[in-house]
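Structure first, commentary second.
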Amino acid sequence: MFDKLIEKVKAEPKTMVFTEGPDARIQEAAARLLKEGLMNVVLVGDEAEIKDNAAKGGFDISKAEIIDPAKYDGMEEMVSTMVELRKGKMTEDECREALKKGNYFGTMLVKMGKADCLLGGATYSTADTIRPALQLVKTKPGAHLVSSCFILRREEGDENLRTIAMGDCAVNLDYTDSVDKEGNVTLTGAQKLAEVAVEIEKCARLFGIDPKVAMLSFSTKGSGKGGTVALSAEAVKIAKEMNPDMAIDGEMQFDAAVSPTVGQLKFPGSDVAGYANTFVFPLIEAGNIGYKIAQRLGGYAAYGPILLGLNAPINDLSRGCDAEEVYRMAIITAAQ
């Protein structure tokens, strides 16, 4: 799976910002990425601390660019740009203070075209990685929200299920209607869920999956009522309108999604039921629990969360990550 991504990023190397430059896991991964010629690397942080830590760890980061926010020559321009982007929501002093932090500083490097993509979260929370991205880089044209996808891979079992995609497992708590100040619905929950499904389908393709998307539920084709059943069923209709070529069906239970026997019994005639490899959950609880069960009991390696819908490739690491995870997530981010 990663061989094709490596070929892609090596053919057109991007510049990657790591917001936590002094971290040993970041440095180990950065040294490997540089040695293999996969991308240009920017490490954010105190230069002396970064070099000290690299020497202690034996990491060759000599080809990396190190930028210390406290000594950055372009800081005044960056502050001015950020004030403009925040449109009165942050003062100049508040922007200057925020830019002392690697997450905001790194995001502004991407926004201002000094870098192509960003990876953070080894010490920051998911919220602290996503918040600056939403405030500064914002969503891409046509997108209304940010979501996430996990790619899961195992070497054994059903060939159709060796590489699968699951989402949203990390960002959107639920899918309620958005309303304006007058109480008018500006975006329905079903429209949001449909948009997430379309983005996850695109993400799956990046990893060589020929996506067959199951909109999951505790109900199959109206067998159950209440909860998120109507939401999921409506989202399928909207997703098909957004992308008529997309193979998606639902709502359906997980057994109907992956077992041809159960799928065709419960959802006869569906091209997806029984053959799904891309799974969309109606709530974050189900998604997060689902991918972790697949990871811990199903023997899958999990890669993500891969953030979707942003105007530039920005991804979040687990604070429990190791250097191998940083290395792989950097390749994924650059490939996006």
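Residues are named by chain letter and number: chains run A, B, ... in the order of the structure tokens, numbers start at 1 in each chain, and ligands are numbered from 1 in the order shown.
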
Which polymer residues have any atom within 12 Å of an atom of Asp93 (chain A), counting only C-alpha atoms, with same-chain residues fewer than 5 positions away left out, as a ChimeraX atom specification?
-> /A:76,79-80,82-83,88,98-100

Assign secondary structure with DSSP using the backbone only, and return the residues of region 210-316 of chain A in alpha helix (DSSP H) as a PyMOL selection string.
-> chain A and resi 229-242+254-258+260-266+284-296

Output the selection as a compact mmCIF listing (two decimals), in the first residue's frame - N, CA and C atoms for each residue.
# COMPACT_ATOMS: atom_id res chain seq x y z
N VAL A 229 -31.39 6.21 11.78
CA VAL A 229 -31.80 5.45 10.59
C VAL A 229 -32.20 6.38 9.44
N ALA A 230 -33.11 7.30 9.70
CA ALA A 230 -33.58 8.22 8.66
C ALA A 230 -32.43 9.11 8.17
N LEU A 231 -31.58 9.55 9.09
CA LEU A 231 -30.42 10.37 8.74
C LEU A 231 -29.53 9.64 7.74
N SER A 232 -29.20 8.38 8.04
CA SER A 232 -28.30 7.61 7.18
C SER A 232 -28.93 7.35 5.81
N ALA A 233 -30.20 7.00 5.79
CA ALA A 233 -30.88 6.72 4.53
C ALA A 233 -30.93 7.96 3.65
N GLU A 234 -31.24 9.10 4.24
CA GLU A 234 -31.30 10.35 3.48
C GLU A 234 -29.91 10.75 2.99
N ALA A 235 -28.90 10.53 3.80
CA ALA A 235 -27.53 10.88 3.41
C ALA A 235 -27.08 10.10 2.18
N VAL A 236 -27.51 8.84 2.08
CA VAL A 236 -27.18 8.04 0.90
C VAL A 236 -27.75 8.68 -0.37
N LYS A 237 -28.98 9.11 -0.32
CA LYS A 237 -29.62 9.75 -1.48
C LYS A 237 -28.85 11.01 -1.89
N ILE A 238 -28.47 11.81 -0.90
CA ILE A 238 -27.77 13.07 -1.18
C ILE A 238 -26.38 12.79 -1.74
N ALA A 239 -25.69 11.81 -1.16
CA ALA A 239 -24.34 11.46 -1.64
C ALA A 239 -24.39 11.02 -3.10
N LYS A 240 -25.42 10.26 -3.46
CA LYS A 240 -25.56 9.82 -4.86
C LYS A 240 -25.80 11.01 -5.79
N GLU A 241 -26.50 12.02 -5.30
CA GLU A 241 -26.70 13.24 -6.10
C GLU A 241 -25.38 14.01 -6.24
N MET A 242 -24.58 14.03 -5.18
CA MET A 242 -23.30 14.74 -5.20
C MET A 242 -22.30 14.06 -6.12
N PHE A 254 -23.59 -3.79 9.83
CA PHE A 254 -22.24 -4.17 9.43
C PHE A 254 -22.20 -5.56 8.81
N ASP A 255 -22.99 -6.50 9.35
CA ASP A 255 -22.97 -7.84 8.76
C ASP A 255 -23.51 -7.82 7.33
N ALA A 256 -24.52 -6.99 7.09
CA ALA A 256 -25.05 -6.87 5.73
C ALA A 256 -24.04 -6.20 4.81
N ALA A 257 -23.18 -5.39 5.37
CA ALA A 257 -22.18 -4.68 4.56
C ALA A 257 -21.05 -5.60 4.09
N VAL A 258 -20.67 -6.58 4.93
CA VAL A 258 -19.46 -7.36 4.61
C VAL A 258 -19.73 -8.83 4.25
N PRO A 260 -21.64 -11.41 1.91
CA PRO A 260 -22.50 -11.52 0.72
C PRO A 260 -23.81 -12.24 1.01
N THR A 261 -23.75 -13.26 1.84
CA THR A 261 -24.96 -14.03 2.15
C THR A 261 -25.98 -13.16 2.89
N VAL A 262 -25.50 -12.51 3.97
CA VAL A 262 -26.39 -11.66 4.77
C VAL A 262 -26.80 -10.43 3.97
N GLY A 263 -25.84 -9.85 3.27
CA GLY A 263 -26.12 -8.63 2.52
C GLY A 263 -27.21 -8.80 1.49
N GLN A 264 -27.12 -9.87 0.71
CA GLN A 264 -28.10 -10.06 -0.35
C GLN A 264 -29.45 -10.57 0.19
N LEU A 265 -29.42 -11.15 1.39
CA LEU A 265 -30.66 -11.55 2.05
C LEU A 265 -31.40 -10.32 2.58
N LYS A 266 -30.64 -9.45 3.27
CA LYS A 266 -31.27 -8.28 3.90
C LYS A 266 -31.45 -7.11 2.93
N ILE A 284 -19.82 9.63 16.00
CA ILE A 284 -18.41 9.45 16.31
C ILE A 284 -18.19 8.28 17.28
N GLU A 285 -19.14 8.06 18.21
CA GLU A 285 -18.98 6.95 19.15
C GLU A 285 -18.84 5.62 18.40
N ALA A 286 -19.74 5.40 17.45
CA ALA A 286 -19.71 4.16 16.68
C ALA A 286 -18.42 4.06 15.88
N GLY A 287 -18.02 5.15 15.24
CA GLY A 287 -16.83 5.15 14.41
C GLY A 287 -15.56 4.89 15.20
N ASN A 288 -15.43 5.58 16.32
CA ASN A 288 -14.22 5.43 17.12
C ASN A 288 -14.12 4.03 17.71
N ILE A 289 -15.24 3.52 18.22
CA ILE A 289 -15.26 2.16 18.77
C ILE A 289 -14.99 1.14 17.65
N GLY A 290 -15.60 1.38 16.50
CA GLY A 290 -15.48 0.43 15.39
C GLY A 290 -14.07 0.25 14.89
N TYR A 291 -13.36 1.37 14.66
CA TYR A 291 -12.01 1.22 14.12
C TYR A 291 -11.07 0.63 15.17
N LYS A 292 -11.31 0.94 16.45
CA LYS A 292 -10.44 0.38 17.49
C LYS A 292 -10.67 -1.12 17.68
N ILE A 293 -11.91 -1.58 17.49
CA ILE A 293 -12.17 -3.02 17.53
C ILE A 293 -11.45 -3.70 16.38
N ALA A 294 -11.52 -3.10 15.18
CA ALA A 294 -10.83 -3.66 14.02
C ALA A 294 -9.32 -3.71 14.26
N GLN A 295 -8.80 -2.66 14.89
CA GLN A 295 -7.36 -2.57 15.15
C GLN A 295 -6.91 -3.58 16.21
N ARG A 296 -7.64 -3.66 17.31
CA ARG A 296 -7.18 -4.47 18.45
C ARG A 296 -7.58 -5.94 18.37

Where does region 99-127 of chain A meet region 325-332 of chain A within 12 Å, residue by residue, with the nearest atom pair and distance in Å to one decimal for each, counting only C-alpha atoms, listed by chain and rising number, as CSV?
residue,atom,partner,partner_atom,distance
A:Asp116,CA,A:Ala330,CA,11.8
A:Cys117,CA,A:Ala330,CA,9.0
A:Leu118,CA,A:Ala330,CA,8.3
A:Leu119,CA,A:Ala330,CA,6.6
A:Gly120,CA,A:Val326,CA,9.1
A:Gly121,CA,A:Val326,CA,9.9
A:Ala122,CA,A:Val326,CA,8.5

Could the residues in this selection be saved with N, CA and C atoms as a short mmCIF file (atom, residue, chain, number, x, y, z; two decimals), in the first residue's frame?
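The file below, result-v4.cif, is the result:
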data_model
loop_
_atom_site.label_atom_id
_atom_site.label_comp_id
_atom_site.auth_asym_id
_atom_site.auth_seq_id
_atom_site.Cartn_x
_atom_site.Cartn_y
_atom_site.Cartn_z
N ASP A 116 3.89 23.23 1.91
CA ASP A 116 2.74 22.62 1.24
C ASP A 116 1.77 21.94 2.20
N CYS A 117 2.30 21.39 3.29
CA CYS A 117 1.49 20.56 4.16
C CYS A 117 2.07 20.56 5.57
N LEU A 118 1.27 20.03 6.52
CA LEU A 118 1.66 20.11 7.93
C LEU A 118 1.25 18.83 8.65
N LEU A 119 2.10 18.44 9.59
CA LEU A 119 1.81 17.31 10.46
C LEU A 119 2.12 17.72 11.89
N GLY A 120 1.14 17.56 12.77
CA GLY A 120 1.34 17.92 14.17
C GLY A 120 0.52 17.01 15.07
N GLY A 121 0.65 17.22 16.37
CA GLY A 121 -0.16 16.46 17.31
C GLY A 121 0.61 15.49 18.17
N ALA A 122 1.94 15.41 17.99
CA ALA A 122 2.73 14.52 18.84
C ALA A 122 2.67 14.98 20.29
#

Which residues come within 7 Å of Gly304 (chain A), counting only C-alpha atoms, excluding same-chain residues fewer than 6 positions away, as a PyMOL selection string?
-> chain A and resi 149-151

Fewer than 4 positions away in the same chain doesn't count, so skip those; otherwise give me all residues within 9 Å of region 42-52 of chain A, counting only C-alpha atoms, as a ChimeraX atom specification.
-> /A:15-23,26-27,30,56-57,61-62,64-71,101-103,105-106,115

For region 207-211 of chain A, please output as a PyMOL selection string all residues within 9 Å (counting only C-alpha atoms; exclusion window: fewer than 6 positions along the same chain).
-> chain A and resi 1-2+4-5+151+163-165+201+246-248+276-278

Shell around Leu38 (chain A) at 7 Å using only C-alpha atoms, local window under 4 positions removed, as number ranges by chain | A: 9-10, 13, 33-34

List every residue of region 23-60 of chain A that DSSP, applied to the backbone of this structure, assigns to strand (DSSP E), and report them as a PyMOL selection string.
-> chain A and resi 39-44

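Using only C-alpha atoms, the contacts of Met112 (chain A) at a cut-off of 10 Å, with sequence neighbours closer than 2 positions omitted, comprise Glu77, Met78, Thr81, Met82, Thr107, Met108, Leu109, Val110, Lys114, Ala115, Asp116, Leu136 and Val137 of chain A.
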
Using CA of Lys140 (chain A) and CA of Gly309 (chain A) as the two end points, give the distance in Å to one decimal.
->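 Taking CA of Lys140 (chain A) as the start and CA of Gly309 (chain A) as the end point, the length is 5.9 Å.
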